[in-house]
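Colleague: Structure provided below as structure tokens; questions to follow.
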Amino acid sequence: MFEGAIIGQYVPGESMVHRLDPRTKLILTIIMMTVVFMASSGWGLALSVGVIFFLIWLTGIPLSIYLRGIRSFRILIIITFGFQLFLVPGEPLLQWNFIHISREGLTLGGLMALRLVVVLLLAQFLTFTTSPMALIDGIEKLLSPLNKVGVPAHEMAMVMSIALRFIPIFFMEADRIIRAQVSRGADFESGNVITRLKPLTSIIAPLFIKAFQRADDLALAMEARGYQGGEGRTRLREIRLRRLDLLFLSTGLMVALGIRLIEVYV
Amino acid sequence: MPIYLKNVCFTYQPDSPFQNQALNGISCTIHDGEIIGVTGPTGAGKSTFLQLLNGILKPTAGEVEVDGVVTSQLKGRALVNLRQKVGLVFQFPEDQLFEVRVFDDIAFGPRNLGWSEDKVKRAVQWAMDMLGLDKDEFQDRSTQELSSGQKRRVALAGSLAMRPNYLLLDEPTAGLDAYGRQLLLALLRKLNREYRTTVVIVSHRLEDLAAVCQRLLVFQAGQLALQGTVSGVFGHQEALQEVGLQLPPLNELLWKLKAYRPEIDPTVLTLEEAAGEIERAFEVYFQGGPEDV
Ligand SMILES: Nc1ncnc2c1ncn2[C@@H]1O[C@H](COP(=O)(O)OP(=O)(O)OP(=O)(O)O)[C@@H](O)[C@H]1O
Ligand SMILES: [Mg+2]
């Protein structure tokens, strides 16, 4: 069951990172992801991972909680690693029957797995410290210059915020329905693919029925309260950039550039 | 055999920033063949308690023993068998319907138990009879085309069809009208009397519980605040008020009258008994019959 649907959950707190403008955190996240993906040397990687761990430390949230979030993706990480390890040809390290592992495969697999872990860490850095609504506000603000070229920034943000708002409800609902069907003897652990199909439908069908009902209700409720889209809407809490944000942004940019420069010239 | 709880604790999402102790040191027994009510304010741990009884949740400390087996030791098919023995009907069970045909939805549980199609048919027929769902009229209808009251009855039939020895219901009367409530309570009474099913009902409505239960468990903040016979619990008016529970209007009235006539017993459960109490206490006023009042 969904004991720890922890990834993407907001962990309220008072840290410096919590107090940053959501835009700052979004941009920092993007910068750090770019740096890690562009890093071509062990040096660059080690440095950028170091910076990421420093950022994580600043959030004041224990590392164990970040690691738990990553644990739920362990299968994906292992598969990614395995694919590279076994399939990339090159200088052989180990040969046994049809299995062969190359040095290139090992490096590439390790690199891909590391990148995946870093993306997950950064995603958690962002979502742990930023309430969903602040995050959406940040995205909307960042996208708003694109309004002029016809990108519906507000509508996109609204869609995202509604989706975010409903994700926990959706999970709770799923949890409730799983428990209800398990109480009716549904068995997800034994049996083959065919016999497991039934218990699976018994969860997915009610979830979708409920989700559509909810979407209908919400649309009606929004219309009934006069929602007409983004034009001229004001908000309760304006977000704004402060000195701390500028400090983080400029430091972030400088560190990123620094790492790139070291990689290219050293 | 009864269900024993020994010092049961339960924590949701332990060792995480969201950890939440929902139950703390619960010890009690659910006797064979009784109808027992569980009540308490919102968030007190009632639903958690029910889910511990059928092994959906396992205690983080302490033991739950059903028919001589400790639930936390069960695995795989043994757990499925436990869920046959201990049926759990969640709040708003109508949300769990998923089959197209009513018959198939009611048959979902029995089929999961691996019963023969013949036995499944008989179980479904029996459950539909119990809930007053006419077989010819309903079995081929689509579950999504039913009214919400009918959906609830189909969902209940789905749990009954598994022929549980214990039936646990979470807020079964929520969202029903007075007539629907009466029907449901009558059904539970019938199950208990004719089929010796042990029934555990979670409800905020003490009136509903008073109408069918022999005993009550009162939860507050994850602990058992009170337990005993219905009358016994109704005798602790202040304690109930403290946890935010309201006695049925009948008993509220008797408690008010008791302030003037201490000999009144405010814990009686039926209208007739209450009338008797009032008559006895205010005898002086009634001496000449109703015309003289
Ligand atoms: N899936 C869950 N994850 C985390 N905490 C939970 C979960 N379900 C319940 N809780 C918490 O456990 C406590 C007890 O909840 P429970 O649902 O048992 O209360 P209840 O007595 O049934 O309340 P109600 O009358 O509102 O149904 C509450 O504090 C609740 O927030
Ligand atoms: Mg509940």
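Convention: chains lettered A, B, ... in structure tokens order; per-chain residue numbering from 1; ligands numbered from 1 as shown.
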Considering only C-alpha atoms, return as a PyMOL selection string whatever protein or nucleic-acid residues lie within 12 Å of range 13-27 of chain A, sequence-local ones (same chain, fewer than 3 positions apart) excluded.
Modeller: (chain A and resi 10+30-34+54-62+122-143+237-253+256) or (chain B and resi 17)
Colleague: Pick out the residues sitting within 6 Å of range 230-246 of chain B, and hand them over as a PyMOL selection string; count only C-alpha atoms, and ignore anything fewer than 6 positions along from it in its own chain.
Modeller: chain B and resi 215-216+267
Colleague: Return as a VMD selection string the full set of residues in range 68-164 of chain B whose backbone-based DSSP assignment is alpha helix (DSSP H).
Modeller: chain B and resid 76 to 85 102 to 112 117 to 130 135 to 138 148 to 160
Colleague: Please extract the residues at most 9 Å from ligand 1, counting only C-alpha atoms and all ligand atoms, and provide them as a PDB file with C-alpha atoms, in the first residue's frame, using the chain letters and residue numbers of this document.
Modeller:
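Listed below is the output, part14.pdb:
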```
ATOM      1  CA  PHE A   2       1.034   3.617  -0.319  1.00  0.00           C
ATOM      2  CA  GLU A   3       2.757   3.842   3.025  1.00  0.00           C
ATOM      3  CA  MET A 172      -5.866   8.652  -0.462  1.00  0.00           C
ATOM      4  CA  ASP A 175      -5.501   3.686  -0.698  1.00  0.00           C
ATOM      5  CA  ARG A 176      -9.074   3.551   0.551  1.00  0.00           C
TER       6      ARG A 176
ATOM      7  CA  PHE B  10      -0.816   1.735  15.796  1.00  0.00           C
ATOM      8  CA  THR B  11       1.230   4.477  14.163  1.00  0.00           C
ATOM      9  CA  TYR B  12       0.706   5.674  10.600  1.00  0.00           C
ATOM     10  CA  GLN B  13       3.888   6.288   8.578  1.00  0.00           C
ATOM     11  CA  PHE B  18       4.332  12.606   9.009  1.00  0.00           C
ATOM     12  CA  GLN B  19       4.187   9.903  11.659  1.00  0.00           C
ATOM     13  CA  ASN B  20       0.955   9.821  13.550  1.00  0.00           C
ATOM     14  CA  GLN B  21       0.034   7.607  16.463  1.00  0.00           C
ATOM     15  CA  ALA B  22      -3.591   6.729  15.873  1.00  0.00           C
ATOM     16  CA  LEU B  23      -4.079   4.124  18.614  1.00  0.00           C
ATOM     17  CA  THR B  39     -17.934   5.658  18.987  1.00  0.00           C
ATOM     18  CA  GLY B  40     -15.791   8.706  19.657  1.00  0.00           C
ATOM     19  CA  PRO B  41     -15.031  12.104  18.154  1.00  0.00           C
ATOM     20  CA  THR B  42     -13.543  12.495  14.717  1.00  0.00           C
ATOM     21  CA  GLY B  43      -9.920  11.381  14.483  1.00  0.00           C
ATOM     22  CA  ALA B  44     -10.187   9.245  17.613  1.00  0.00           C
ATOM     23  CA  GLY B  45      -9.009   6.119  15.819  1.00  0.00           C
ATOM     24  CA  LYS B  46     -12.261   4.255  15.196  1.00  0.00           C
ATOM     25  CA  SER B  47     -11.605   3.415  11.556  1.00  0.00           C
ATOM     26  CA  THR B  48      -8.045   2.426  12.381  1.00  0.00           C
ATOM     27  CA  PHE B  49      -9.406   0.096  15.063  1.00  0.00           C
ATOM     28  CA  LEU B  50     -11.711  -1.642  12.576  1.00  0.00           C
ATOM     29  CA  GLN B  51      -8.915  -2.167  10.081  1.00  0.00           C
ATOM     30  CA  GLN B  91     -17.561   4.158   4.957  1.00  0.00           C
ATOM     31  CA  ASP B 170     -17.699   1.951   9.420  1.00  0.00           C
ATOM     32  CA  GLU B 171     -20.392   4.618   9.714  1.00  0.00           C
ATOM     33  CA  VAL B 202     -18.711   2.450  14.183  1.00  0.00           C
ATOM     34  CA  SER B 203     -21.005   5.457  14.460  1.00  0.00           C
ATOM     35  CA  HIS B 204     -21.205   9.007  15.740  1.00  0.00           C
ATOM     36  CA  PHE B 219     -12.511   6.117  21.817  1.00  0.00           C
ATOM     37  CA  GLN B 220     -10.788   9.384  22.393  1.00  0.00           C
ATOM     38  CA  ALA B 221      -7.437  10.470  20.993  1.00  0.00           C
ATOM     39  CA  GLY B 222      -6.396   6.901  20.272  1.00  0.00           C
TER      40      GLY B 222
END
```
Colleague: When the cut-off is 6 Å and we count only C-alpha atoms, which residues of chain A are near chain B, given as a PDB file with all heavy atoms, in the first residue's frame?
Modeller:
```pdb
ATOM      1  N   SER A 183     -10.316  -6.072   1.566  1.00  0.00           N
ATOM      2  CA  SER A 183     -11.274  -6.595   2.532  1.00  0.00           C
ATOM      3  C   SER A 183     -12.251  -7.555   1.880  1.00  0.00           C
ATOM      4  O   SER A 183     -12.865  -8.369   2.549  1.00  0.00           O
ATOM      5  CB  SER A 183     -12.065  -5.460   3.177  1.00  0.00           C
ATOM      6  OG  SER A 183     -11.209  -4.676   3.953  1.00  0.00           O
ATOM      7  N   ARG A 184     -12.435  -7.405   0.557  1.00  0.00           N
ATOM      8  CA  ARG A 184     -13.311  -8.344  -0.137  1.00  0.00           C
ATOM      9  C   ARG A 184     -12.494  -9.512  -0.697  1.00  0.00           C
ATOM     10  O   ARG A 184     -12.897 -10.173  -1.654  1.00  0.00           O
ATOM     11  CB  ARG A 184     -14.050  -7.629  -1.267  1.00  0.00           C
ATOM     12  CG  ARG A 184     -15.027  -6.587  -0.754  1.00  0.00           C
ATOM     13  CD  ARG A 184     -16.212  -6.443  -1.660  1.00  0.00           C
ATOM     14  NE  ARG A 184     -15.962  -5.606  -2.818  1.00  0.00           N
ATOM     15  CZ  ARG A 184     -16.741  -5.618  -3.889  1.00  0.00           C
ATOM     16  NH1 ARG A 184     -17.747  -6.451  -3.992  1.00  0.00           N
ATOM     17  NH2 ARG A 184     -16.472  -4.815  -4.882  1.00  0.00           N
ATOM     18  N   GLY A 185     -11.329  -9.712  -0.160  1.00  0.00           N
ATOM     19  CA  GLY A 185     -10.552 -10.885  -0.537  1.00  0.00           C
ATOM     20  C   GLY A 185      -9.692 -10.723  -1.765  1.00  0.00           C
ATOM     21  O   GLY A 185      -9.117 -11.694  -2.240  1.00  0.00           O
ATOM     22  N   ALA A 186      -9.607  -9.494  -2.329  1.00  0.00           N
ATOM     23  CA  ALA A 186      -8.735  -9.292  -3.483  1.00  0.00           C
ATOM     24  C   ALA A 186      -7.301  -9.594  -3.077  1.00  0.00           C
ATOM     25  O   ALA A 186      -6.856  -9.176  -2.016  1.00  0.00           O
ATOM     26  CB  ALA A 186      -8.849  -7.863  -3.995  1.00  0.00           C
ATOM     27  N   SER A 202     -10.454  -3.775 -10.195  1.00  0.00           N
ATOM     28  CA  SER A 202     -11.335  -3.444  -9.083  1.00  0.00           C
ATOM     29  C   SER A 202     -10.870  -2.172  -8.384  1.00  0.00           C
ATOM     30  O   SER A 202     -11.609  -1.574  -7.626  1.00  0.00           O
ATOM     31  CB  SER A 202     -11.407  -4.595  -8.086  1.00  0.00           C
ATOM     32  OG  SER A 202     -10.241  -4.639  -7.285  1.00  0.00           O
ATOM     33  N   ALA A 205     -10.977   1.002 -11.873  1.00  0.00           N
ATOM     34  CA  ALA A 205     -12.299   1.450 -12.321  1.00  0.00           C
ATOM     35  C   ALA A 205     -12.953   2.426 -11.335  1.00  0.00           C
ATOM     36  O   ALA A 205     -13.309   3.540 -11.719  1.00  0.00           O
ATOM     37  CB  ALA A 205     -13.192   0.252 -12.609  1.00  0.00           C
ATOM     38  N   PRO A 206     -13.070   2.072 -10.056  1.00  0.00           N
ATOM     39  CA  PRO A 206     -13.697   3.027  -9.142  1.00  0.00           C
ATOM     40  C   PRO A 206     -12.928   4.335  -9.037  1.00  0.00           C
ATOM     41  O   PRO A 206     -13.526   5.404  -8.900  1.00  0.00           O
ATOM     42  CB  PRO A 206     -13.686   2.316  -7.790  1.00  0.00           C
ATOM     43  CG  PRO A 206     -13.401   0.915  -8.059  1.00  0.00           C
ATOM     44  CD  PRO A 206     -12.709   0.817  -9.369  1.00  0.00           C
TER      45      PRO A 206
END
```
Colleague: Could you list, as an MDAnalysis selection string, every residue within 12 Å of range 28-34 of chain B, counting only C-alpha atoms and ignoring same-chain residues fewer than 3 positions away?
Modeller: chainID B and resid 1:8 25 37:38 49:50 53 62:67 165:168 188:201 212:219 223:229
Colleague: Could you give me, as a PDB file with all heavy atoms, in the first residue's frame, the residues within 10 Å of range 146-148 of chain B, counting only C-alpha atoms and dropping anything in the same chain fewer than 5 positions from it?
Modeller:
```pdb
ATOM      1  N   PHE B  92     -19.010   4.760   3.112  1.00  0.00           N
ATOM      2  CA  PHE B  92     -19.394   4.970   1.720  1.00  0.00           C
ATOM      3  C   PHE B  92     -18.925   3.823   0.824  1.00  0.00           C
ATOM      4  O   PHE B  92     -18.175   4.022  -0.127  1.00  0.00           O
ATOM      5  CB  PHE B  92     -18.871   6.309   1.201  1.00  0.00           C
ATOM      6  CG  PHE B  92     -19.363   7.462   2.004  1.00  0.00           C
ATOM      7  CD1 PHE B  92     -18.499   8.259   2.736  1.00  0.00           C
ATOM      8  CD2 PHE B  92     -20.727   7.735   2.085  1.00  0.00           C
ATOM      9  CE1 PHE B  92     -18.960   9.303   3.512  1.00  0.00           C
ATOM     10  CE2 PHE B  92     -21.196   8.776   2.856  1.00  0.00           C
ATOM     11  CZ  PHE B  92     -20.312   9.568   3.568  1.00  0.00           C
ATOM     12  N   GLU B  94     -20.303   2.367  -1.386  1.00  0.00           N
ATOM     13  CA  GLU B  94     -20.773   2.419  -2.775  1.00  0.00           C
ATOM     14  C   GLU B  94     -19.655   2.833  -3.738  1.00  0.00           C
ATOM     15  O   GLU B  94     -19.712   2.550  -4.925  1.00  0.00           O
ATOM     16  CB  GLU B  94     -21.997   3.341  -2.931  1.00  0.00           C
ATOM     17  CG  GLU B  94     -21.856   4.734  -2.331  1.00  0.00           C
ATOM     18  CD  GLU B  94     -22.231   4.776  -0.849  1.00  0.00           C
ATOM     19  OE1 GLU B  94     -22.130   3.729  -0.179  1.00  0.00           O
ATOM     20  OE2 GLU B  94     -22.605   5.854  -0.365  1.00  0.00           O
ATOM     21  N   ASP B  95     -18.607   3.481  -3.209  1.00  0.00           N
ATOM     22  CA  ASP B  95     -17.487   3.883  -4.071  1.00  0.00           C
ATOM     23  C   ASP B  95     -16.671   2.707  -4.593  1.00  0.00           C
ATOM     24  O   ASP B  95     -15.842   2.870  -5.471  1.00  0.00           O
ATOM     25  CB  ASP B  95     -16.520   4.793  -3.291  1.00  0.00           C
ATOM     26  CG  ASP B  95     -17.149   6.120  -2.973  1.00  0.00           C
ATOM     27  OD1 ASP B  95     -18.201   6.416  -3.562  1.00  0.00           O
ATOM     28  OD2 ASP B  95     -16.597   6.853  -2.146  1.00  0.00           O
ATOM     29  N   VAL B 102     -24.470  -5.938 -11.490  1.00  0.00           N
ATOM     30  CA  VAL B 102     -24.641  -6.013 -10.046  1.00  0.00           C
ATOM     31  C   VAL B 102     -24.238  -7.388  -9.533  1.00  0.00           C
ATOM     32  O   VAL B 102     -23.505  -7.507  -8.546  1.00  0.00           O
ATOM     33  CB  VAL B 102     -26.111  -5.700  -9.673  1.00  0.00           C
ATOM     34  CG1 VAL B 102     -26.394  -6.097  -8.240  1.00  0.00           C
ATOM     35  CG2 VAL B 102     -26.388  -4.223  -9.890  1.00  0.00           C
ATOM     36  N   PHE B 138     -32.559  -6.846 -10.207  1.00  0.00           N
ATOM     37  CA  PHE B 138     -31.274  -6.174 -10.050  1.00  0.00           C
ATOM     38  C   PHE B 138     -30.055  -6.865 -10.629  1.00  0.00           C
ATOM     39  O   PHE B 138     -29.101  -6.215 -10.998  1.00  0.00           O
ATOM     40  CB  PHE B 138     -31.012  -5.897  -8.563  1.00  0.00           C
ATOM     41  CG  PHE B 138     -31.775  -4.713  -8.040  1.00  0.00           C
ATOM     42  CD1 PHE B 138     -32.944  -4.885  -7.322  1.00  0.00           C
ATOM     43  CD2 PHE B 138     -31.321  -3.429  -8.307  1.00  0.00           C
ATOM     44  CE1 PHE B 138     -33.651  -3.785  -6.863  1.00  0.00           C
ATOM     45  CE2 PHE B 138     -32.021  -2.338  -7.844  1.00  0.00           C
ATOM     46  CZ  PHE B 138     -33.193  -2.509  -7.119  1.00  0.00           C
ATOM     47  N   ARG B 141     -28.602  -5.439 -13.780  1.00  0.00           N
ATOM     48  CA  ARG B 141     -28.507  -3.986 -13.926  1.00  0.00           C
ATOM     49  C   ARG B 141     -27.052  -3.545 -13.861  1.00  0.00           C
ATOM     50  O   ARG B 141     -26.202  -4.250 -13.322  1.00  0.00           O
ATOM     51  CB  ARG B 141     -29.275  -3.282 -12.784  1.00  0.00           C
ATOM     52  CG  ARG B 141     -30.762  -3.516 -12.780  1.00  0.00           C
ATOM     53  CD  ARG B 141     -31.544  -2.408 -13.463  1.00  0.00           C
ATOM     54  NE  ARG B 141     -31.366  -1.069 -12.900  1.00  0.00           N
ATOM     55  CZ  ARG B 141     -32.188  -0.560 -11.979  1.00  0.00           C
ATOM     56  NH1 ARG B 141     -33.174  -1.266 -11.467  1.00  0.00           N
ATOM     57  NH2 ARG B 141     -31.998   0.679 -11.575  1.00  0.00           N
ATOM     58  N   ARG B 153     -26.643  -0.647  -0.926  1.00  0.00           N
ATOM     59  CA  ARG B 153     -27.150  -1.984  -0.612  1.00  0.00           C
ATOM     60  C   ARG B 153     -26.390  -3.053  -1.386  1.00  0.00           C
ATOM     61  O   ARG B 153     -26.092  -4.119  -0.866  1.00  0.00           O
ATOM     62  CB  ARG B 153     -28.652  -2.059  -0.890  1.00  0.00           C
ATOM     63  CG  ARG B 153     -29.448  -1.450   0.257  1.00  0.00           C
ATOM     64  CD  ARG B 153     -30.889  -1.823   0.193  1.00  0.00           C
ATOM     65  NE  ARG B 153     -31.596  -0.973  -0.767  1.00  0.00           N
ATOM     66  CZ  ARG B 153     -32.773  -1.280  -1.288  1.00  0.00           C
ATOM     67  NH1 ARG B 153     -33.355  -2.426  -1.001  1.00  0.00           N
ATOM     68  NH2 ARG B 153     -33.346  -0.453  -2.136  1.00  0.00           N
ATOM     69  N   VAL B 154     -26.059  -2.758  -2.645  1.00  0.00           N
ATOM     70  CA  VAL B 154     -25.275  -3.718  -3.432  1.00  0.00           C
ATOM     71  C   VAL B 154     -23.907  -3.934  -2.778  1.00  0.00           C
ATOM     72  O   VAL B 154     -23.428  -5.066  -2.635  1.00  0.00           O
ATOM     73  CB  VAL B 154     -25.108  -3.223  -4.890  1.00  0.00           C
ATOM     74  CG1 VAL B 154     -24.095  -4.082  -5.634  1.00  0.00           C
ATOM     75  CG2 VAL B 154     -26.450  -3.238  -5.600  1.00  0.00           C
ATOM     76  N   GLY B 175     -25.303   9.368   5.746  1.00  0.00           N
ATOM     77  CA  GLY B 175     -25.931   9.715   4.473  1.00  0.00           C
ATOM     78  C   GLY B 175     -27.206   8.954   4.162  1.00  0.00           C
ATOM     79  O   GLY B 175     -27.705   9.013   3.041  1.00  0.00           O
ATOM     80  N   LEU B 176     -27.750   8.211   5.128  1.00  0.00           N
ATOM     81  CA  LEU B 176     -29.032   7.536   4.886  1.00  0.00           C
ATOM     82  C   LEU B 176     -30.151   8.339   5.535  1.00  0.00           C
ATOM     83  O   LEU B 176     -29.938   9.013   6.544  1.00  0.00           O
ATOM     84  CB  LEU B 176     -29.021   6.132   5.488  1.00  0.00           C
ATOM     85  CG  LEU B 176     -28.097   5.088   4.873  1.00  0.00           C
ATOM     86  CD1 LEU B 176     -28.273   3.751   5.579  1.00  0.00           C
ATOM     87  CD2 LEU B 176     -28.365   4.946   3.386  1.00  0.00           C
TER      88      LEU B 176
END
```
Colleague: Find the distance between CA of Ala123 in chain B and CA of Glu137 in chain B and write it in Å to one decimal.
Modeller: 17.3 Å
Colleague: In Å, how far is it from CA of Ile203 in chain A to CA of Arg181 in chain B?
Modeller: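 Here the two named atoms are 28.2 Å from each other.
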Colleague: For each of B:Leu169, B:Tyr285, B:Ala210, B:Leu74, take the minimum atom-to-atom distance to ligand 2, counting only C-alpha atoms and all ligand atoms, then give the residue where this is smallest.
Modeller: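 Checking each of B:Leu169, B:Tyr285, B:Ala210, B:Leu74 against ligand 2, counting only C-alpha atoms and all ligand atoms, the winner is B:Leu169.
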